[in-house]
Amino acid sequence: MKLYARKAVWQAWLLGAVGAVAFGIFHYFDSYESLLAFLQTHEDYEIDEFLLALDIFGVLCLIYGILRFWDFHREQKRREKAESQIDWMALHDNLTGLQNRHSLERRLRTAEEAFGGSRRFSVLVIDLDGFKRINDLVGHHAGDLVLTTIAARLRDHLADDNLYRMGGDEFVAVIDTPSLALPVAMALLQSLNRPVPFNETSLDIGASIGVATAPTDGASGVECLRAADAAMYTAKAAGRGKVQVFDATIRERMQRRDVAERNLRHAVAYGGIRPFYQPIIDLQSGRISGFEALARWQMEDGHFIPPADFIPLAEDSGLMTRLTDVLLRQACLDAADWPADTRLSFNISPIQLKDRMLGLRILAILMETSLDPRRLEIEITETALIQDLETAASILSELRAAGISVALDDFGIGYSNLAQLSNFSFDKIKIDRSFVSSFQDQEKQEKIVRAIVGLGMGLDVPTTAEGIETEDQLSSLSSMGCTYGQGFLFGKAIPAEEARLMFDGRCTLPLRLSS
């Protein structure tokens with residue numbers, strides 16, 4: 001738009017110059033008087049009427065040009081305003097009006113270029129406590145109110161130039177004077193821990209704050225931000241509602257995490273993590289109905305790193321999608337050697353149910369490995385459903401339409417309710433091991449297990465009991481009508497080679513059920 005404006009100005013100057021030269025020439029040769037004399041001499045030619053019409057046309061063209069120039073000027077103003085709004089939106093959060101992550105990265109990068117890492121400043125990372133619960137129980141409209149209220153409270157203590165919303169319920173404040181960082185953090189904590197009024201009630205909310213100072217805690221602004229983030233997570237782990245200043249202990253923990261993440265990336269890239277298989281038994285026939293694929297990371301010295309340690313790390317470091325694809329591809333290749341009526345059960349991380357491309361990636365892997373989609377069973381948890389209901393429903397619909405079964409894992413320990421679950425269709429319900437381990441000793445737990453099995457029967461959906469370890473548990477669950485079972489009583493997770501031996505009859509289950 002600015003290029004067009006410069007072009008228009010240049011053309012105006014050019015036309016003005018041409019007009020000035022023409023006027024000088026006409027004035028020098030008295031062209032106007034000569035023209036009048038010619039018109040009087042040749043009146044019968046009616047050239048004067050033609051010139052009058054030409055003058056009128058010229059005046060109209062001038063008026064038209066002025067109007068178009070005015071429209072052009074107004075359009076230019078509108079475009080400049082729109083471009084300014086786009087620039088603002090690119091650097092600000094639309095809901096709270098605070099600056100966003102891109103704006104913070106620009107500020108940190110500019111400061112580093114200007115001062116070469118010698119400038120001292122502090123970074124506060126603020127994460128809300130209890131925000132997800134408000135979103136889940138009250139709704140996103142209440143969550144939006146909380147975020148705008150928190151932003152307003154932050155503005156009571158700091159200028160907009162120093163405040164940023166990083167996304168979700170995380171905020172960042174940059175303090176130019178490090179000596180003020182801790183007092184400001186304490187004041188913010190007191191302000192943010194006040195309930196937020198909502199309709200005729202109030203919403204309990206809190207905050208955990210991490211503090212780090214550059215260049216002491218980080219040579220660059222990005223490193224300082226990461227240090228403050230680590231301090232914030234330490235505050236959450238310590239009980240929430242606290243301020244934590246970055247220290248040597250947190251630095252050591254960060255270094256250990258960095259090493260673990262590098263090792264994890266290497267393991268994902270070079271096959272260090274592979275699927276093991278735990279048998280799932282038909283409790284009526286005693287036959288193997290399938291295997292559940294479980295991730296196992298074996299180090300070079302032979303010891304295994306528990307999934308509870310590396311799965312959260314994979315989720316936090318953005319490796320979960322890659323890890324899932326690698327494991328599912330290998331599991332499908334292994335399952336292709338099993339009998340055709342044997343199913344492969346595979347767990348999907350909750351964060352992946354937010355990815356609309358998940359269904360397409362799973363189908364692509366099935367096509368690549370030539371595994372029948374009807375032999376694959378995807379397991380998801382209750383809590384995974386409510387994080388993004390719309391996306392989860394779309395993904396599950398795609399999978400079931402392709403013939404893939406969907407099992408509801410860890411039933412009974414999540415936060416969803418029957419009203420939400422009625423919006424989804426499931427092919428199996430898995431009873432969490434926490435109920436199975438104690439239902440024989442606790443009457444209430446036994447009633448819950450019976451209710452879940454009864455719910456499955458009422459919905460005509462088979463149930464699987466996890467964590468079966470004793471024959472008494474097996475007998476009770478079988479008598480209740482539970483369809484399938486898995487646990488150490490039948491076998492632990494084993495490599496693919498050993499799983500194939502079970503079908504060959506060369507490896508027997510620890511317990512044979514009567515058919």
# chains A, B, ... in the order shown; residues from 1 in each chain; ligands from 1
>>> residues_around(residues="A:Ile305", least_positions_apart="6", cutoff="12 Å", atoms="only C-alpha atoms", output="list of chain:residue names")
A:Ala260, A:Asn263, A:Leu264, A:Ala267, A:Gly272, A:Ile273, A:Ala295, A:Arg296, A:Trp297, A:Gln298, A:Met299, A:Ile311, A:Leu313
>>> write_last_selection(atoms="N, CA and C atoms", output="compact mmCIF listing (two decimals), in the first residue's frame")
# COMPACT_ATOMS: atom_id res chain seq x y z
N ALA A 260 18.36 -36.66 30.75
CA ALA A 260 17.30 -37.65 30.52
C ALA A 260 16.59 -37.39 29.19
N ASN A 263 18.83 -38.47 26.34
CA ASN A 263 18.81 -39.94 26.26
C ASN A 263 17.50 -40.44 25.66
N LEU A 264 16.40 -39.78 26.04
CA LEU A 264 15.10 -40.18 25.52
C LEU A 264 15.02 -39.95 24.02
N ALA A 267 16.90 -42.61 22.36
CA ALA A 267 16.19 -43.89 22.43
C ALA A 267 15.04 -43.95 21.43
N GLY A 272 15.51 -47.59 21.09
CA GLY A 272 15.81 -48.01 22.45
C GLY A 272 14.56 -48.30 23.26
N ILE A 273 13.42 -47.77 22.83
CA ILE A 273 12.14 -48.03 23.50
C ILE A 273 11.31 -48.90 22.56
N ALA A 295 5.05 -49.83 26.65
CA ALA A 295 6.37 -49.30 26.31
C ALA A 295 7.40 -49.71 27.35
N ARG A 296 8.56 -50.19 26.88
CA ARG A 296 9.65 -50.56 27.77
C ARG A 296 10.95 -49.95 27.25
N TRP A 297 11.65 -49.24 28.15
CA TRP A 297 12.92 -48.61 27.79
C TRP A 297 14.03 -49.34 28.54
N GLN A 298 14.81 -50.09 27.80
CA GLN A 298 15.91 -50.85 28.40
C GLN A 298 17.24 -50.15 28.10
N MET A 299 17.99 -49.85 29.14
CA MET A 299 19.28 -49.18 28.99
C MET A 299 20.35 -50.19 28.58
N ILE A 311 7.39 -41.53 30.21
CA ILE A 311 6.20 -41.10 29.47
C ILE A 311 5.88 -39.62 29.75
N LEU A 313 7.97 -37.38 30.65
CA LEU A 313 9.05 -36.64 30.02
C LEU A 313 8.83 -36.51 28.53
>>> residues_around(residues="A:Ser317", least_positions_apart="2", cutoff="12 Å", atoms="only C-alpha atoms", output="ChimeraX atom specification")
/A:257-258,260-262,264-265,310-315,319-323
>>> closest_atom_pairs(of="stretch 258-325 of chain A", to="stretch 486-501 of chain A", cutoff="12 Å", atoms="only C-alpha atoms", output="Markdown table")
| residue | atom | partner | partner_atom | distance |
| --- | --- | --- | --- | --- |
| A:Ile273 | CA | A:Pro495 | CA | 11.6 |
| A:Arg274 | CA | A:Pro495 | CA | 8.6 |
| A:Pro275 | CA | A:Pro495 | CA | 7.2 |
| A:Phe276 | CA | A:Pro495 | CA | 4.7 |
| A:Tyr277 | CA | A:Ala493 | CA | 4.7 |
| A:Gln278 | CA | A:Ala493 | CA | 4.0 |
| A:Pro279 | CA | A:Gln486 | CA | 6.3 |
| A:Ile280 | CA | A:Gln486 | CA | 4.9 |
| A:Ile281 | CA | A:Gln486 | CA | 6.2 |
| A:Asp282 | CA | A:Gln486 | CA | 9.1 |
| A:Leu283 | CA | A:Gln486 | CA | 9.4 |
| A:Gly286 | CA | A:Phe490 | CA | 9.9 |
| A:Arg287 | CA | A:Phe490 | CA | 10.7 |
| A:Ile288 | CA | A:Phe490 | CA | 9.7 |
| A:Ser289 | CA | A:Gln486 | CA | 10.4 |
| A:Gly290 | CA | A:Gln486 | CA | 10.0 |
| A:Phe291 | CA | A:Ala499 | CA | 8.4 |
| A:Glu292 | CA | A:Ala493 | CA | 8.3 |
| A:Ala293 | CA | A:Ala493 | CA | 8.1 |
| A:Leu294 | CA | A:Ala493 | CA | 7.1 |
| A:Ala295 | CA | A:Ala493 | CA | 9.4 |
| A:Arg296 | CA | A:Ala493 | CA | 9.1 |
| A:Trp297 | CA | A:Pro495 | CA | 11.8 |
| A:Gln298 | CA | A:Pro495 | CA | 11.5 |
>>> residues_around(residues="A:Ser476", least_positions_apart="6", cutoff="10 Å", atoms="only C-alpha atoms", output="ChimeraX atom specification")
/A:439-440,446,482
>>> write_last_selection(atoms="C-alpha atoms", output="compact mmCIF listing (two decimals), in the first residue's frame")
# COMPACT_ATOMS: atom_id res chain seq x y z
CA PHE A 439 -12.48 -55.28 46.03
CA GLN A 440 -12.36 -58.57 47.97
CA GLU A 446 -16.73 -54.76 45.47
CA CYS A 482 -16.36 -59.92 33.76
>>> select_by_dssp(residues="stretch 107-298 of chain A", states="helix (DSSP H, G or I)", output="ChimeraX atom specification")
/A:107-115,131-137,140-155,160-162,178-192,221-237,248-270
>>> closest_residue(among="A:Ala17, A:Cys61, A:Met367, A:Leu128", to="A:Phe171", atoms="only C-alpha atoms")
A:Leu128
>>> closest_residue(among="A:Leu474, A:Ile429, A:Leu98, A:Ile452", to="A:Ala159", atoms="only C-alpha atoms")
A:Leu98
>>> atom_distance(atom1="atom CA of A:Ile351", atom2="atom CA of A:Ala384")
7.2 Å
>>> residues_around(residues="stretch 180-192 of chain A", least_positions_apart="2", cutoff="8 Å", atoms="only C-alpha atoms", output="PyMOL selection string")
chain A and resi 122-124+150+153-154+157+175+177-178+194+205-209+211+241-243
>>> residues_around(residues="A:Lys132", least_positions_apart="4", cutoff="12 Å", atoms="only C-alpha atoms", output="list of chain:residue names")
A:Asp127, A:Leu128, A:Asp136, A:Leu137, A:Val138, A:Gly139, A:His140, A:Ala142, A:Gly143, A:Asp144, A:Val146, A:Leu147, A:Gly168, A:Asp169, A:Glu170, A:Leu203, A:Asp204, A:Ile205, A:Gly206, A:Thr383, A:Ile386, A:Gln387, A:Asp388, A:Tyr415
>>> closest_residue(among="A:Ser345, A:Glu398, A:Arg356, A:Ala465", to="A:Glu379", atoms="only C-alpha atoms")
A:Ser345
>>> residues_around(residues="A:Gln445", least_positions_apart="2", cutoff="12 Å", atoms="only C-alpha atoms", output="ChimeraX atom specification")
/A:412,431-443,447-452
>>> select_by_dssp(residues="stretch 205-303 of chain A", states="strand (DSSP E or B)", output="ChimeraX atom specification")
/A:206-214,243-245,273-282,288-298
>>> write_last_selection(atoms="C-alpha atoms", output="compact mmCIF listing (two decimals), in the first residue's frame")
# COMPACT_ATOMS: atom_id res chain seq x y z
CA GLY A 206 -4.33 -19.56 43.39
CA ALA A 207 -0.92 -19.25 41.83
CA SER A 208 2.58 -20.71 41.99
CA ILE A 209 5.43 -18.38 41.05
CA GLY A 210 8.99 -19.13 40.00
CA VAL A 211 11.68 -16.44 40.06
CA ALA A 212 14.99 -16.38 38.18
CA THR A 213 17.50 -13.61 37.49
CA ALA A 214 19.72 -13.06 34.45
CA VAL A 243 7.00 -18.43 45.50
CA GLN A 244 10.17 -20.34 44.63
CA VAL A 245 13.47 -18.66 43.74
CA ILE A 273 12.14 -48.03 23.50
CA ARG A 274 10.11 -50.94 22.20
CA PRO A 275 6.75 -52.55 22.92
CA PHE A 276 6.40 -55.47 25.32
CA TYR A 277 3.16 -57.44 25.41
CA GLN A 278 0.97 -58.47 28.35
CA PRO A 279 -1.62 -61.18 27.56
CA ILE A 280 -5.33 -60.44 27.85
CA ILE A 281 -7.32 -63.58 28.70
CA ASP A 282 -10.90 -64.51 27.92
CA ILE A 288 -5.50 -65.51 24.84
CA SER A 289 -7.78 -62.93 23.22
CA GLY A 290 -5.02 -60.41 22.66
CA PHE A 291 -2.04 -58.53 24.03
CA GLU A 292 -1.68 -55.03 25.40
CA ALA A 293 1.41 -53.24 24.08
CA LEU A 294 3.34 -51.56 26.89
CA ALA A 295 6.37 -49.30 26.31
CA ARG A 296 9.65 -50.56 27.77
CA TRP A 297 12.92 -48.61 27.79
CA GLN A 298 15.91 -50.85 28.40
>>> residues_around(residues="stretch 219-221 of chain A", least_positions_apart="3", cutoff="9 Å", atoms="only C-alpha atoms", output="tab-separated table (two decimals) with N, CA and C atoms, in the first residue's frame")
chain	number	residue	atom	x	y	z
A	105	GLU	N	9.58	-13.29	23.49
A	105	GLU	CA	10.78	-13.77	22.82
A	105	GLU	C	11.49	-12.63	22.11
A	107	ARG	N	11.41	-9.47	22.98
A	107	ARG	CA	12.03	-8.60	24.00
A	107	ARG	C	13.31	-9.22	24.52
A	108	LEU	N	13.28	-10.51	24.83
A	108	LEU	CA	14.47	-11.17	25.35
A	108	LEU	C	15.59	-11.17	24.32
A	109	ARG	N	15.23	-11.39	23.06
A	109	ARG	CA	16.23	-11.41	22.00
A	109	ARG	C	16.83	-10.02	21.78
A	111	ALA	N	17.01	-7.57	24.01
A	111	ALA	CA	17.84	-7.24	25.17
A	111	ALA	C	19.19	-7.93	25.07
A	112	GLU	N	19.20	-9.16	24.60
A	112	GLU	CA	20.45	-9.90	24.48
A	112	GLU	C	21.35	-9.29	23.41
A	116	GLY	N	24.36	-7.86	25.16
A	116	GLY	CA	25.29	-8.97	25.11
A	116	GLY	C	25.23	-9.88	26.32
A	117	GLY	N	24.09	-9.99	26.96
A	117	GLY	CA	23.95	-10.87	28.12
A	117	GLY	C	24.45	-10.28	29.42
A	118	SER	N	24.78	-9.00	29.42
A	118	SER	CA	25.30	-8.38	30.65
A	118	SER	C	24.22	-7.67	31.45
A	121	PHE	N	18.19	-8.57	34.93
A	121	PHE	CA	16.74	-8.45	35.07
A	121	PHE	C	16.23	-9.77	35.62
A	123	VAL	N	12.90	-12.64	35.89
A	123	VAL	CA	11.72	-13.18	35.21
A	123	VAL	C	10.88	-13.93	36.22
A	214	ALA	N	18.64	-13.01	35.45
A	214	ALA	CA	19.72	-13.06	34.45
A	214	ALA	C	20.77	-12.00	34.80
A	215	PRO	N	22.06	-12.27	34.55
A	215	PRO	CA	22.60	-13.51	33.97
A	215	PRO	C	23.00	-14.56	35.00
A	216	THR	N	22.65	-14.37	36.28
A	216	THR	CA	23.07	-15.32	37.32
A	216	THR	C	22.48	-16.70	37.10
A	224	CYS	N	17.10	-17.92	31.26
A	224	CYS	CA	16.53	-17.37	32.49
A	224	CYS	C	15.05	-17.71	32.58
A	225	LEU	N	14.35	-17.61	31.46
A	225	LEU	CA	12.92	-17.97	31.44
A	225	LEU	C	12.74	-19.45	31.78
A	226	ARG	N	13.59	-20.27	31.25
A	226	ARG	CA	13.51	-21.71	31.54
A	226	ARG	C	13.81	-21.99	33.01
>>> decode(residues="stretch 444-476 of chain A", atoms="C-alpha atoms", output="PDB file, in the first residue's frame")
ATOM      1  CA  LYS A 444     -17.679 -50.630  48.800  1.00  0.00           C
ATOM      2  CA  GLN A 445     -14.978 -51.481  46.246  1.00  0.00           C
ATOM      3  CA  GLU A 446     -16.728 -54.763  45.468  1.00  0.00           C
ATOM      4  CA  LYS A 447     -19.999 -52.934  44.826  1.00  0.00           C
ATOM      5  CA  ILE A 448     -18.203 -50.544  42.471  1.00  0.00           C
ATOM      6  CA  VAL A 449     -16.673 -53.449  40.532  1.00  0.00           C
ATOM      7  CA  ARG A 450     -20.067 -55.175  40.298  1.00  0.00           C
ATOM      8  CA  ALA A 451     -21.637 -51.917  39.140  1.00  0.00           C
ATOM      9  CA  ILE A 452     -19.031 -51.458  36.406  1.00  0.00           C
ATOM     10  CA  VAL A 453     -19.470 -55.052  35.204  1.00  0.00           C
ATOM     11  CA  GLY A 454     -23.241 -54.578  35.318  1.00  0.00           C
ATOM     12  CA  LEU A 455     -22.939 -51.330  33.378  1.00  0.00           C
ATOM     13  CA  GLY A 456     -20.973 -53.178  30.707  1.00  0.00           C
ATOM     14  CA  MET A 457     -23.626 -55.886  30.509  1.00  0.00           C
ATOM     15  CA  GLY A 458     -26.389 -53.306  30.305  1.00  0.00           C
ATOM     16  CA  LEU A 459     -24.626 -51.513  27.468  1.00  0.00           C
ATOM     17  CA  ASP A 460     -23.652 -54.804  25.834  1.00  0.00           C
ATOM     18  CA  VAL A 461     -19.990 -53.796  26.176  1.00  0.00           C
ATOM     19  CA  PRO A 462     -17.380 -56.322  27.395  1.00  0.00           C
ATOM     20  CA  THR A 463     -15.305 -55.497  30.479  1.00  0.00           C
ATOM     21  CA  THR A 464     -11.635 -56.151  31.214  1.00  0.00           C
ATOM     22  CA  ALA A 465     -10.270 -56.329  34.757  1.00  0.00           C
ATOM     23  CA  GLU A 466      -6.686 -55.094  35.097  1.00  0.00           C
ATOM     24  CA  GLY A 467      -4.177 -56.178  37.727  1.00  0.00           C
ATOM     25  CA  ILE A 468      -5.467 -59.706  38.478  1.00  0.00           C
ATOM     26  CA  GLU A 469      -2.855 -61.333  40.710  1.00  0.00           C
ATOM     27  CA  THR A 470      -4.630 -64.074  42.661  1.00  0.00           C
ATOM     28  CA  GLU A 471      -6.895 -66.998  41.840  1.00  0.00           C
ATOM     29  CA  ASP A 472      -9.524 -65.664  44.278  1.00  0.00           C
ATOM     30  CA  GLN A 473      -9.699 -62.383  42.347  1.00  0.00           C
ATOM     31  CA  LEU A 474     -10.004 -64.344  39.115  1.00  0.00           C
ATOM     32  CA  SER A 475     -12.791 -66.540  40.466  1.00  0.00           C
ATOM     33  CA  SER A 476     -14.790 -63.605  41.830  1.00  0.00           C
TER      34      SER A 476
END
